[in-house]
Amino acid sequence: AWLQYLQKDYVTAEKSFFQILELKKNKPRLWSDHKEDKISYWAAMALLRQNKKSEAFELFTKMTHDESVGYYSVAAYQRVQQLSPQMSK
């Protein structure tokens, strides 16, 4: 997923990030090394790069409600702040 994102193949990256999230939900022990907030953030970024702003905004907002405050939840908060004016139009 990450390589696809770096290659600007955002459609495939989005699908891959969401597949990883689903696999992580179904088999958490197998995917325990992959942090959900990191995967969610990059899935939202892939959405944003495809101009799917409302979907990205929704995912970023969901991340800001996470009880653990980490790098990606703070980054998601910043994205929410950037996108908020555009979402009210």
# chains A, B, ... in the order shown; residues from 1 in each chain; ligands from 1
>>> residues_around(residues="Lys38 in chain A", least_positions_apart="5", cutoff="10 Å", atoms="only C-alpha atoms", output="PyMOL selection string")
chain A and resi 17+43-44+63+70-73+76
>>> select_by_dssp(residues="chain A", states="alpha helix (DSSP H)", output="ChimeraX atom specification")
/A:2-6,10-26,36-49,53-64,71-87
>>> residues_around(residues="Lys35 in chain A", least_positions_apart="3", cutoff="12 Å", atoms="only C-alpha atoms", output="list in words")
Phe17, Ile20, Leu21, Lys24, Lys25, Pro28, Arg29, Leu30, Trp31, Ser32, Lys38, Ile39, Ser40, Tyr41, Trp42, Ser68, Gly70, Tyr71, Tyr72 and Ser73 of chain A
>>> closest_residue(among="A:Leu83, A:Asn26, A:Asp66, A:Asp33", to="Ser54 in chain A", atoms="only C-alpha atoms")
A:Leu83
>>> atom_distance(atom1="CA of Ala1 in chain A", atom2="CA of Leu48 in chain A")
15.2 Å
>>> closest_residue(among="A:Tyr10, A:Asp37, A:Phe18, A:Tyr5", to="Val69 in chain A", atoms="only C-alpha atoms")
A:Asp37
>>> residues_around(residues="Gln82 in chain A", least_positions_apart="4", cutoff="12 Å", atoms="only C-alpha atoms", output="list in words")
Leu48, Lys53, Ala56, Phe57, Phe60, Thr61, Ala75, Ala76, Tyr77, Gln78, Gln86, Met87 and Ser88 of chain A
>>> write_last_selection(atoms="all heavy atoms", output="mmCIF file, in the first residue's frame")
data_model
loop_
_atom_site.group_PDB
_atom_site.id
_atom_site.type_symbol
_atom_site.label_atom_id
_atom_site.label_comp_id
_atom_site.auth_asym_id
_atom_site.auth_seq_id
_atom_site.Cartn_x
_atom_site.Cartn_y
_atom_site.Cartn_z
ATOM 1 N N LEU A 48 -7.811 11.733 0.215
ATOM 2 C CA LEU A 48 -7.631 13.164 -0.004
ATOM 3 C C LEU A 48 -6.951 13.441 -1.339
ATOM 4 O O LEU A 48 -7.346 14.342 -2.077
ATOM 5 C CB LEU A 48 -6.821 13.758 1.149
ATOM 6 C CG LEU A 48 -6.708 15.268 1.226
ATOM 7 C CD1 LEU A 48 -8.088 15.906 1.327
ATOM 8 C CD2 LEU A 48 -5.846 15.664 2.405
ATOM 9 N N LYS A 53 -12.680 14.451 -0.489
ATOM 10 C CA LYS A 53 -12.462 15.223 0.729
ATOM 11 C C LYS A 53 -13.411 14.847 1.864
ATOM 12 O O LYS A 53 -12.997 14.780 3.017
ATOM 13 C CB LYS A 53 -12.549 16.718 0.431
ATOM 14 C CG LYS A 53 -11.401 17.204 -0.420
ATOM 15 C CD LYS A 53 -11.514 18.682 -0.698
ATOM 16 C CE LYS A 53 -10.366 19.105 -1.623
ATOM 17 N NZ LYS A 53 -10.482 20.500 -2.002
ATOM 18 N N ALA A 56 -12.277 11.545 3.356
ATOM 19 C CA ALA A 56 -11.030 11.754 4.090
ATOM 20 C C ALA A 56 -11.304 12.487 5.396
ATOM 21 O O ALA A 56 -10.794 12.107 6.459
ATOM 22 C CB ALA A 56 -10.036 12.526 3.231
ATOM 23 N N PHE A 57 -12.130 13.530 5.325
ATOM 24 C CA PHE A 57 -12.481 14.311 6.509
ATOM 25 C C PHE A 57 -13.124 13.422 7.571
ATOM 26 O O PHE A 57 -12.792 13.515 8.760
ATOM 27 C CB PHE A 57 -13.425 15.445 6.104
ATOM 28 C CG PHE A 57 -13.816 16.346 7.230
ATOM 29 C CD1 PHE A 57 -12.962 17.342 7.675
ATOM 30 C CD2 PHE A 57 -15.053 16.210 7.843
ATOM 31 C CE1 PHE A 57 -13.329 18.184 8.716
ATOM 32 C CE2 PHE A 57 -15.419 17.039 8.886
ATOM 33 C CZ PHE A 57 -14.563 18.027 9.319
ATOM 34 N N PHE A 60 -10.353 11.201 9.089
ATOM 35 C CA PHE A 60 -9.491 12.013 9.957
ATOM 36 C C PHE A 60 -10.214 12.369 11.255
ATOM 37 O O PHE A 60 -9.638 12.284 12.339
ATOM 38 C CB PHE A 60 -9.054 13.310 9.250
ATOM 39 C CG PHE A 60 -8.011 13.141 8.195
ATOM 40 C CD1 PHE A 60 -8.157 13.754 6.954
ATOM 41 C CD2 PHE A 60 -6.863 12.398 8.419
ATOM 42 C CE1 PHE A 60 -7.190 13.634 5.972
ATOM 43 C CE2 PHE A 60 -5.882 12.265 7.442
ATOM 44 C CZ PHE A 60 -6.048 12.891 6.212
ATOM 45 N N THR A 61 -11.482 12.752 11.145
ATOM 46 C CA THR A 61 -12.268 13.117 12.329
ATOM 47 C C THR A 61 -12.398 11.931 13.269
ATOM 48 O O THR A 61 -12.253 12.073 14.488
ATOM 49 C CB THR A 61 -13.655 13.640 11.912
ATOM 50 O OG1 THR A 61 -13.480 14.771 11.052
ATOM 51 C CG2 THR A 61 -14.485 14.044 13.116
ATOM 52 N N ALA A 75 -1.657 14.504 13.714
ATOM 53 C CA ALA A 75 -1.617 14.850 12.288
ATOM 54 C C ALA A 75 -3.029 14.865 11.710
ATOM 55 O O ALA A 75 -3.372 15.740 10.901
ATOM 56 C CB ALA A 75 -0.727 13.866 11.529
ATOM 57 N N ALA A 76 -3.861 13.914 12.128
ATOM 58 C CA ALA A 76 -5.247 13.873 11.663
ATOM 59 C C ALA A 76 -6.001 15.115 12.142
ATOM 60 O O ALA A 76 -6.788 15.693 11.385
ATOM 61 C CB ALA A 76 -5.940 12.609 12.166
ATOM 62 N N TYR A 77 -5.743 15.527 13.370
ATOM 63 C CA TYR A 77 -6.381 16.739 13.898
ATOM 64 C C TYR A 77 -6.017 17.948 13.033
ATOM 65 O O TYR A 77 -6.876 18.780 12.719
ATOM 66 C CB TYR A 77 -5.960 16.962 15.352
ATOM 67 C CG TYR A 77 -6.508 18.236 15.934
ATOM 68 C CD1 TYR A 77 -7.822 18.296 16.390
ATOM 69 C CD2 TYR A 77 -5.728 19.384 16.002
ATOM 70 C CE1 TYR A 77 -8.341 19.474 16.909
ATOM 71 C CE2 TYR A 77 -6.236 20.572 16.517
ATOM 72 C CZ TYR A 77 -7.537 20.607 16.963
ATOM 73 O OH TYR A 77 -8.057 21.771 17.465
ATOM 74 N N GLN A 78 -4.759 18.042 12.652
ATOM 75 C CA GLN A 78 -4.315 19.141 11.795
ATOM 76 C C GLN A 78 -5.028 19.111 10.444
ATOM 77 O O GLN A 78 -5.420 20.150 9.909
ATOM 78 C CB GLN A 78 -2.795 19.102 11.598
ATOM 79 C CG GLN A 78 -2.011 19.368 12.859
ATOM 80 C CD GLN A 78 -2.248 20.764 13.392
ATOM 81 O OE1 GLN A 78 -2.342 21.721 12.646
ATOM 82 N NE2 GLN A 78 -2.368 20.875 14.700
ATOM 83 N N GLN A 86 -13.524 23.901 4.186
ATOM 84 C CA GLN A 86 -13.989 23.381 2.905
ATOM 85 C C GLN A 86 -15.237 22.507 3.078
ATOM 86 O O GLN A 86 -16.064 22.415 2.185
ATOM 87 C CB GLN A 86 -12.891 22.555 2.238
ATOM 88 C CG GLN A 86 -11.660 23.376 1.905
ATOM 89 C CD GLN A 86 -10.526 22.510 1.417
ATOM 90 O OE1 GLN A 86 -10.746 21.467 0.818
ATOM 91 N NE2 GLN A 86 -9.307 22.941 1.683
ATOM 92 N N MET A 87 -15.370 21.856 4.229
ATOM 93 C CA MET A 87 -16.509 20.972 4.475
ATOM 94 C C MET A 87 -17.777 21.746 4.760
ATOM 95 O O MET A 87 -18.866 21.246 4.571
ATOM 96 C CB MET A 87 -16.212 20.035 5.635
ATOM 97 C CG MET A 87 -15.086 19.054 5.395
ATOM 98 S SD MET A 87 -15.437 17.901 4.056
ATOM 99 C CE MET A 87 -14.466 18.565 2.729
ATOM 100 N N SER A 88 -17.646 22.994 5.186
ATOM 101 C CA SER A 88 -18.840 23.792 5.508
ATOM 102 C C SER A 88 -19.445 24.453 4.277
ATOM 103 O O SER A 88 -20.473 25.093 4.367
ATOM 104 C CB SER A 88 -18.496 24.838 6.566
ATOM 105 O OG SER A 88 -17.504 25.722 6.086
#
>>> atom_distance(atom1="CA of Lys62 in chain A", atom2="CA of Trp2 in chain A")
21.2 Å
>>> atom_distance(atom1="CA of Val80 in chain A", atom2="CA of Leu3 in chain A")
24.9 Å
>>> closest_residue(among="A:Leu47, A:Val74, A:Thr64, A:Arg79", to="Thr12 in chain A", atoms="only C-alpha atoms")
A:Leu47
